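What's in data.tsv: TSV, C-alpha atoms and all ligand atoms
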chain	number	residue	atom	x	y	z
A	178	MET	CA	-1.07	10.13	-15.91
A	179	LYS	CA	-4.20	8.06	-15.74
A	180	ILE	CA	-5.54	6.73	-12.43
A	181	LEU	CA	-7.80	3.75	-13.09
A	182	LYS	CA	-9.23	3.09	-9.62
A	183	ILE	CA	-8.47	2.77	-5.93
A	184	ASP	CA	-6.54	-0.49	-5.98
A	185	HIS	CA	-6.44	-1.08	-2.24
A	186	LEU	CA	-6.40	0.47	1.20
A	187	GLY	CA	-3.49	-0.64	3.37
A	188	ILE	CA	-4.30	-1.08	7.06
A	189	ALA	CA	-1.55	-1.69	9.60
A	190	VAL	CA	-2.42	-4.35	12.18
A	191	ASN	CA	-0.53	-5.95	15.03
A	192	SER	CA	-1.51	-9.42	13.82
A	193	ILE	CA	-3.29	-10.57	10.66
A	194	ASP	CA	-4.53	-13.70	12.45
A	195	ALA	CA	-5.98	-11.69	15.30
A	196	GLY	CA	-7.26	-8.87	13.08
A	197	LYS	CA	-8.82	-10.67	10.14
A	198	GLY	CA	-11.94	-11.83	12.01
A	199	PHE	CA	-13.53	-8.38	11.76
A	200	TRP	CA	-13.06	-8.29	7.98
A	201	THR	CA	-14.23	-11.86	7.34
A	202	ASN	CA	-16.64	-12.97	10.08
A	203	ILE	CA	-18.23	-9.59	10.70
A	204	LEU	CA	-18.03	-7.75	7.36
A	205	GLY	CA	-18.25	-10.96	5.31
A	206	LEU	CA	-15.24	-10.26	3.06
A	207	LYS	CA	-13.31	-13.15	1.56
A	208	PHE	CA	-9.77	-13.76	2.80
A	209	GLU	CA	-7.63	-14.31	-0.30
A	210	GLY	CA	-4.51	-15.51	1.48
A	211	SER	CA	-1.35	-13.84	2.72
A	212	GLU	CA	2.09	-13.16	1.32
A	213	THR	CA	5.32	-11.98	2.91
A	214	VAL	CA	7.25	-9.26	1.10
A	215	ALA	CA	10.67	-9.68	2.72
A	216	GLU	CA	12.11	-6.49	1.23
A	217	GLN	CA	9.31	-4.47	2.90
A	218	LYS	CA	9.50	-6.44	6.18
A	219	VAL	CA	5.79	-7.05	5.99
A	220	THR	CA	3.20	-9.79	5.59
A	221	THR	CA	0.13	-8.76	3.61
A	222	ALA	CA	-3.36	-10.24	3.44
A	223	PHE	CA	-5.92	-9.24	0.81
A	224	PHE	CA	-9.72	-9.02	1.09
A	225	PRO	CA	-11.47	-8.04	-2.19
A	226	VAL	CA	-14.19	-5.39	-1.99
A	227	GLY	CA	-15.83	-4.85	-5.39
A	228	GLU	CA	-13.17	-3.48	-7.74
A	229	SER	CA	-10.78	-2.75	-4.86
A	230	GLU	CA	-9.28	-4.56	-1.91
A	231	VAL	CA	-8.51	-4.13	1.76
A	232	GLU	CA	-4.90	-5.06	2.52
A	233	LEU	CA	-3.94	-5.89	6.10
A	234	LEU	CA	-0.27	-5.30	6.83
A	235	GLU	CA	1.57	-7.07	9.64
A	236	SER	CA	5.17	-6.14	10.25
A	237	THR	CA	7.78	-8.88	10.31
A	238	SER	CA	10.27	-6.61	12.10
A	239	PRO	CA	10.02	-3.58	14.42
A	240	ASP	CA	12.39	-1.60	12.16
A	241	GLY	CA	10.29	-2.06	8.99
A	242	PRO	CA	7.97	0.71	7.68
A	243	VAL	CA	4.84	-0.87	9.17
A	244	GLY	CA	6.55	-1.73	12.47
A	245	LYS	CA	7.68	1.89	12.84
A	246	PHE	CA	4.23	3.18	11.85
A	247	ILE	CA	2.47	1.04	14.49
A	248	GLU	CA	4.96	2.01	17.17
A	249	LYS	CA	4.30	5.70	16.46
A	250	LYS	CA	0.59	5.78	15.58
A	251	GLY	CA	-0.86	2.37	16.48
A	252	GLU	CA	-3.04	0.26	14.20
A	253	GLY	CA	-4.91	2.09	11.42
A	254	ILE	CA	-4.93	3.23	7.81
A	255	HIS	CA	-1.36	3.09	6.55
A	256	HIS	CA	-1.67	3.94	2.85
A	257	ILE	CA	-3.99	4.33	-0.10
A	258	ALA	CA	-3.01	2.71	-3.40
A	259	PHE	CA	-4.10	3.95	-6.82
A	260	ARG	CA	-3.93	1.70	-9.86
A	261	VAL	CA	-2.33	3.60	-12.74
A	262	GLU	CA	-2.10	2.74	-16.41
A	263	ASN	CA	1.65	3.41	-16.70
A	264	ILE	CA	3.63	3.74	-13.47
A	265	GLU	CA	6.89	5.00	-15.02
A	266	GLU	CA	4.99	7.76	-16.82
A	267	ALA	CA	3.08	8.65	-13.64
A	268	LEU	CA	6.29	8.91	-11.57
A	269	LYS	CA	7.92	11.11	-14.22
A	270	GLU	CA	4.93	13.45	-14.30
A	271	LEU	CA	4.64	13.66	-10.50
A	272	LYS	CA	8.37	14.36	-10.15
A	273	GLU	CA	8.08	17.17	-12.70
A	274	LYS	CA	5.19	18.57	-10.65
A	275	GLY	CA	7.41	18.67	-7.54
A	276	VAL	CA	5.95	15.69	-5.67
A	277	GLN	CA	8.46	13.99	-3.36
A	278	LEU	CA	8.89	10.40	-4.50
A	279	ILE	CA	9.97	7.67	-2.07
A	280	ASP	CA	10.68	5.35	-4.98
A	281	GLN	CA	12.30	6.97	-8.02
A	282	THR	CA	11.64	3.83	-10.01
A	283	PRO	CA	9.03	1.11	-9.43
A	284	ARG	CA	9.75	-2.02	-7.44
A	285	THR	CA	7.92	-5.31	-7.13
A	286	GLY	CA	5.08	-5.42	-4.62
A	287	ALA	CA	2.74	-8.11	-3.27
A	288	GLY	CA	1.17	-10.09	-6.12
A	289	GLY	CA	4.07	-9.29	-8.45
A	290	GLY	CA	2.83	-5.90	-9.68
A	291	LYS	CA	4.96	-2.75	-9.99
A	292	ILE	CA	4.61	-0.32	-7.06
A	293	ALA	CA	6.03	3.02	-5.94
A	294	PHE	CA	5.31	5.26	-2.96
A	295	LEU	CA	4.89	9.04	-2.71
A	296	HIS	CA	6.05	10.76	0.47
A	297	PRO	CA	3.28	11.81	2.91
A	298	LYS	CA	4.88	15.26	3.18
A	299	SER	CA	3.74	15.92	-0.44
A	300	THR	CA	0.27	14.38	-0.12
A	301	ASN	CA	-1.58	15.98	2.82
A	302	GLY	CA	-0.11	13.47	5.25
A	303	ILE	CA	-1.32	10.31	3.49
A	304	LEU	CA	1.17	7.70	2.28
A	305	VAL	CA	0.16	7.16	-1.38
A	306	GLU	CA	1.12	4.09	-3.38
A	307	LEU	CA	0.90	3.83	-7.14
A	308	CYS	CA	0.61	0.39	-8.64
A	309	GLU	CA	0.43	-1.09	-12.09
A	310	ARG	CA	-0.85	-4.62	-12.59
A	311	SER	CA	-2.00	-6.43	-15.66
A	312	GLU	CA	-4.75	-8.48	-14.01
A	313	LYS	CA	-8.10	-7.14	-12.70
B	1	LIG	N1	1.23	7.61	6.62
B	1	LIG	C1	1.34	8.91	6.91
B	1	LIG	N2	2.45	9.46	7.47
B	1	LIG	C2	3.48	8.62	7.73
B	1	LIG	C3	3.42	7.25	7.46
B	1	LIG	C4	2.23	6.74	6.87
B	1	LIG	N3	2.10	5.45	6.58
B	1	LIG	N4	4.58	6.68	7.84
B	1	LIG	C5	5.36	7.67	8.34
B	1	LIG	N5	4.69	8.83	8.27
B	1	LIG	C6	5.14	10.14	8.68
B	1	LIG	C7	5.85	10.14	10.00
B	1	LIG	O1	4.91	10.15	11.04
B	1	LIG	C8	6.68	11.40	9.92
B	1	LIG	O2	5.88	12.52	10.21
B	1	LIG	P1	6.46	13.70	11.13
B	1	LIG	O3	7.68	14.20	10.43
B	1	LIG	O4	5.33	14.68	11.16
B	1	LIG	O5	6.76	13.07	12.45
B	1	LIG	C9	7.04	11.46	8.44
B	1	LIG	O6	6.12	10.59	7.75
B	1	LIG	C10	8.43	10.99	8.10
B	1	LIG	O7	8.69	9.96	8.93
B	1	LIG	P2	10.17	9.50	9.18
B	1	LIG	O8	10.28	9.05	10.57
B	1	LIG	O9	11.14	10.50	8.70
B	1	LIG	O10	10.32	8.36	8.17
B	1	LIG	P3	10.00	6.88	8.39
B	1	LIG	O11	11.32	6.22	8.57
B	1	LIG	O12	8.92	6.65	9.37
B	1	LIG	O13	9.47	6.53	6.93
B	1	LIG	C11	8.11	6.55	5.04
B	1	LIG	C12	8.25	7.00	6.47
B	1	LIG	C13	6.68	6.86	4.59
B	1	LIG	C14	9.12	7.29	4.18
B	1	LIG	C15	8.41	4.99	4.98
B	1	LIG	O14	7.49	4.32	5.84
B	1	LIG	C16	8.32	4.40	3.60
B	1	LIG	O15	9.26	4.50	2.82
B	1	LIG	N6	7.17	3.79	3.25
B	1	LIG	C17	7.01	3.15	1.94
B	1	LIG	C18	7.13	1.66	2.03
B	1	LIG	C19	6.05	1.03	2.87
B	1	LIG	O16	5.31	1.68	3.59
B	1	LIG	N7	5.95	-0.31	2.78
B	1	LIG	C20	4.97	-1.08	3.51
B	1	LIG	C21	3.82	-1.51	2.64
B	1	LIG	C22	4.27	-2.50	1.58
B	1	LIG	C23	3.17	-3.04	0.70
B	1	LIG	O17	2.00	-2.58	0.75
B	1	LIG	O18	3.51	-3.93	-0.10

Could you take the file, read its structure, and then write that structure out as structure tokens?
Ligand code: CMX
Amino acid sequence: MKILKIDHLGIAVNSIDAGKGFWTNILGLKFEGSETVAEQKVTTAFFPVGESEVELLESTSPDGPVGKFIEKKGEGIHHIAFRVENIEEALKELKEKGVQLIDQTPRTGAGGGKIAFLHPKSTNGILVELCERSEK
């Protein structure tokens, strides 16, 4: 498998509106708009940083993955996403190497790219996302 770059860092927040001031007003990052991914019960907001992005994640429901994460651990880093050249190939290779996959096949994530998650139990406690997108 080929990892191209860190695509984004996902940060769980109670509220994007309340939380985005630090990233924009204080750090000077550009807010690129938000998008709700209904299937994931989450609203996401992206802030480009060089070749990567910060993604704020606000839960739309307490029983979604981000809602449960915040209830247990509070706000903070939720996942790290690596851009890969070929996500199907990467998942096949990781499965063969014994990594526990959350998604056996890719699904559609924010921005329309293909995404898949690896279980934190296989990755030193960090939720890892793989993503494949055609654009920069
Ligand atoms: N990072 C690290 N560890 C995490 C975690 C996270 N984000 N979320 C849960 N865990 C831990 C739990 O604390 C728990 O640890 P312990 O067993 O030590 O207590 C363990 O993982 C398993 O937790 P669980 O209660 O059995 O399972 P959950 O129902 O909490 O589900 C997970 C955990 C990772 C499988 C689930 O959140 C998931 O499938 N995530 C992938 C999808 C997702 O996160 N979507 C939101 C982002 C969408 C986007 O960016 O577009």

If I take atom CA of A:Glu273 and atom O12 of ligand LIG 1 (chain B), how far is one from the other in Å, to one decimal?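 Going from atom CA of A:Glu273 over to atom O12 of ligand LIG 1 (chain B), I get 24.5 Å.
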
Taking all atoms listed in the file into account, report as a PyMOL selection string which residues have an atom no farther than 9 Å from an atom of ligand LIG 1 (chain B). chain A and resi 186-187+189+213-214+216-221+232-234+236+240-243+245-247+249-250+254-256+258+279-280+285-288+292-298+300-306

So that I can see what lies close to stretch 195-205 of chain A, please list as a PDB file with C-alpha atoms, in the coordinates of the input the residues with an atom at most 12 Å from it, counting only C-alpha atoms and leaving out residues fewer than 6 positions away in the same chain.
ATOM      1  CA  ILE A 188      -4.300  -1.080   7.060  1.00  0.00           C
ATOM      2  CA  ALA A 189      -1.550  -1.690   9.600  1.00  0.00           C
ATOM      3  CA  SER A 211      -1.350 -13.840   2.720  1.00  0.00           C
ATOM      4  CA  THR A 221       0.130  -8.760   3.610  1.00  0.00           C
ATOM      5  CA  ALA A 222      -3.360 -10.240   3.440  1.00  0.00           C
ATOM      6  CA  PHE A 223      -5.920  -9.240   0.810  1.00  0.00           C
ATOM      7  CA  PHE A 224      -9.720  -9.020   1.090  1.00  0.00           C
ATOM      8  CA  PRO A 225     -11.470  -8.040  -2.190  1.00  0.00           C
ATOM      9  CA  VAL A 226     -14.190  -5.390  -1.990  1.00  0.00           C
ATOM     10  CA  GLU A 230      -9.280  -4.560  -1.910  1.00  0.00           C
ATOM     11  CA  VAL A 231      -8.510  -4.130   1.760  1.00  0.00           C
ATOM     12  CA  GLU A 232      -4.900  -5.060   2.520  1.00  0.00           C
ATOM     13  CA  LEU A 233      -3.940  -5.890   6.100  1.00  0.00           C
ATOM     14  CA  LEU A 234      -0.270  -5.300   6.830  1.00  0.00           C
ATOM     15  CA  GLU A 235       1.570  -7.070   9.640  1.00  0.00           C
ATOM     16  CA  GLU A 252      -3.040   0.260  14.200  1.00  0.00           C
ATOM     17  CA  GLY A 253      -4.910   2.090  11.420  1.00  0.00           C
TER      18      GLY A 253
END

I want to know what sits within 12 Å of A:Gly227, based on only C-alpha atoms, with residues of the same chain fewer than 3 positions away left out; could you give that as a ChimeraX atom specification? /A:182-185,206-207,224,230-231,313

Just give me the gap between atom CA of A:Lys272 and atom CA of A:Leu307 in Å, one decimal is fine.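 Value for the atom CA of A:Lys272-atom CA of A:Leu307 distance: 13.3 Å.
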
Counting only C-alpha atoms, which residue out of A:Asn263, A:Lys269, A:Thr282, A:Asn191 sits closest to A:Arg310?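 For A:Arg310, the nearest of the candidates is A:Asn263.
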
Measuring between only C-alpha atoms, which one of A:Val190, A:Ala215, A:Leu268, A:Leu278 shows the shortest distance to A:Gly244?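 Among the listed residues, the smallest separation from A:Gly244 belongs to A:Val190.
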
What's the separation between atom CA of A:Glu270 and atom CA of A:Lys179, in Å to one decimal place?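 Distance between the two atoms: 10.7 Å.
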
Option closest in space to A:Thr237, from A:Ile193, A:Phe208, A:Gly251, A:Leu271 [counting only C-alpha atoms]: A:Ile193

Just give me the residues with any atom within 8 Å of (-2.8, 9.8, -14.0), file coordinates, counting all atoms listed in the file, written as JSON, numbers by chain. {"A": [178, 179, 180, 181, 261, 262, 267]}

Find the residue from A:Ser238, A:Gly289, A:Cys308, A:Ser299 that sits nearest to A:Glu212; use only C-alpha atoms when measuring.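 Of the candidates, the smallest distance to A:Glu212 is held by A:Gly289.
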
Reconstruct N, CA and C atoms of stretch 216-239 of chain A from the incomplete input and present them as a PDB file, in the frame of the given file.
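Dumped everything to rebuild_12.pdb:
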ATOM      1  N   GLU A 216      11.437  -7.783   1.432  1.00  0.00           N
ATOM      2  CA  GLU A 216      12.110  -6.490   1.230  1.00  0.00           C
ATOM      3  C   GLU A 216      11.415  -5.367   2.019  1.00  0.00           C
ATOM      4  N   GLN A 217      10.095  -5.496   2.185  1.00  0.00           N
ATOM      5  CA  GLN A 217       9.310  -4.470   2.900  1.00  0.00           C
ATOM      6  C   GLN A 217       9.114  -4.828   4.384  1.00  0.00           C
ATOM      7  N   LYS A 218       9.649  -5.972   4.793  1.00  0.00           N
ATOM      8  CA  LYS A 218       9.500  -6.440   6.180  1.00  0.00           C
ATOM      9  C   LYS A 218       8.032  -6.466   6.595  1.00  0.00           C
ATOM     10  N   VAL A 219       7.211  -7.072   5.735  1.00  0.00           N
ATOM     11  CA  VAL A 219       5.790  -7.050   5.990  1.00  0.00           C
ATOM     12  C   VAL A 219       5.125  -8.316   5.443  1.00  0.00           C
ATOM     13  N   THR A 220       4.076  -8.761   6.145  1.00  0.00           N
ATOM     14  CA  THR A 220       3.200  -9.790   5.590  1.00  0.00           C
ATOM     15  C   THR A 220       1.880  -9.127   5.261  1.00  0.00           C
ATOM     16  N   THR A 221       1.355  -9.413   4.063  1.00  0.00           N
ATOM     17  CA  THR A 221       0.130  -8.760   3.610  1.00  0.00           C
ATOM     18  C   THR A 221      -0.967  -9.796   3.440  1.00  0.00           C
ATOM     19  N   ALA A 222      -2.208  -9.373   3.667  1.00  0.00           N
ATOM     20  CA  ALA A 222      -3.360 -10.240   3.440  1.00  0.00           C
ATOM     21  C   ALA A 222      -4.413  -9.428   2.713  1.00  0.00           C
ATOM     22  N   PHE A 223      -4.983  -9.998   1.649  1.00  0.00           N
ATOM     23  CA  PHE A 223      -5.920  -9.240   0.810  1.00  0.00           C
ATOM     24  C   PHE A 223      -7.357  -9.737   0.954  1.00  0.00           C
ATOM     25  N   PHE A 224      -8.284  -8.756   0.966  1.00  0.00           N
ATOM     26  CA  PHE A 224      -9.720  -9.020   1.090  1.00  0.00           C
ATOM     27  C   PHE A 224     -10.424  -8.201   0.007  1.00  0.00           C
ATOM     28  N   PRO A 225     -10.824  -8.808  -1.112  1.00  0.00           N
ATOM     29  CA  PRO A 225     -11.470  -8.040  -2.190  1.00  0.00           C
ATOM     30  C   PRO A 225     -12.767  -7.381  -1.735  1.00  0.00           C
ATOM     31  N   VAL A 226     -12.954  -6.161  -2.234  1.00  0.00           N
ATOM     32  CA  VAL A 226     -14.190  -5.390  -1.990  1.00  0.00           C
ATOM     33  C   VAL A 226     -14.558  -4.773  -3.331  1.00  0.00           C
ATOM     34  N   GLY A 227     -15.484  -5.359  -4.060  1.00  0.00           N
ATOM     35  CA  GLY A 227     -15.830  -4.850  -5.390  1.00  0.00           C
ATOM     36  C   GLY A 227     -14.591  -4.821  -6.272  1.00  0.00           C
ATOM     37  N   GLU A 228     -14.315  -3.642  -6.835  1.00  0.00           N
ATOM     38  CA  GLU A 228     -13.170  -3.480  -7.740  1.00  0.00           C
ATOM     39  C   GLU A 228     -11.862  -3.215  -6.986  1.00  0.00           C
ATOM     40  N   SER A 229     -11.961  -3.090  -5.664  1.00  0.00           N
ATOM     41  CA  SER A 229     -10.780  -2.750  -4.860  1.00  0.00           C
ATOM     42  C   SER A 229     -10.534  -3.834  -3.816  1.00  0.00           C
ATOM     43  N   GLU A 230      -9.575  -3.577  -2.952  1.00  0.00           N
ATOM     44  CA  GLU A 230      -9.280  -4.560  -1.910  1.00  0.00           C
ATOM     45  C   GLU A 230      -8.894  -3.836  -0.612  1.00  0.00           C
ATOM     46  N   VAL A 231      -9.105  -4.533   0.484  1.00  0.00           N
ATOM     47  CA  VAL A 231      -8.510  -4.130   1.760  1.00  0.00           C
ATOM     48  C   VAL A 231      -7.255  -4.979   1.914  1.00  0.00           C
ATOM     49  N   GLU A 232      -6.148  -4.332   2.300  1.00  0.00           N
ATOM     50  CA  GLU A 232      -4.900  -5.060   2.520  1.00  0.00           C
ATOM     51  C   GLU A 232      -4.504  -4.887   3.984  1.00  0.00           C
ATOM     52  N   LEU A 233      -4.456  -5.975   4.726  1.00  0.00           N
ATOM     53  CA  LEU A 233      -3.940  -5.890   6.100  1.00  0.00           C
ATOM     54  C   LEU A 233      -2.435  -6.077   6.038  1.00  0.00           C
ATOM     55  N   LEU A 234      -1.736  -5.288   6.832  1.00  0.00           N
ATOM     56  CA  LEU A 234      -0.270  -5.300   6.830  1.00  0.00           C
ATOM     57  C   LEU A 234       0.228  -5.613   8.229  1.00  0.00           C
ATOM     58  N   GLU A 235       0.960  -6.705   8.350  1.00  0.00           N
ATOM     59  CA  GLU A 235       1.570  -7.070   9.640  1.00  0.00           C
ATOM     60  C   GLU A 235       3.079  -7.007   9.479  1.00  0.00           C
ATOM     61  N   SER A 236       3.721  -6.288  10.360  1.00  0.00           N
ATOM     62  CA  SER A 236       5.170  -6.140  10.250  1.00  0.00           C
ATOM     63  C   SER A 236       5.892  -7.424  10.638  1.00  0.00           C
ATOM     64  N   THR A 237       6.974  -7.719   9.930  1.00  0.00           N
ATOM     65  CA  THR A 237       7.780  -8.880  10.310  1.00  0.00           C
ATOM     66  C   THR A 237       8.981  -8.445  11.159  1.00  0.00           C
ATOM     67  N   SER A 238       9.136  -7.117  11.339  1.00  0.00           N
ATOM     68  CA  SER A 238      10.270  -6.610  12.100  1.00  0.00           C
ATOM     69  C   SER A 238       9.954  -5.209  12.619  1.00  0.00           C
ATOM     70  N   PRO A 239      10.347  -4.906  13.863  1.00  0.00           N
ATOM     71  CA  PRO A 239      10.020  -3.580  14.420  1.00  0.00           C
ATOM     72  C   PRO A 239      10.658  -2.433  13.635  1.00  0.00           C
TER      73      PRO A 239
END
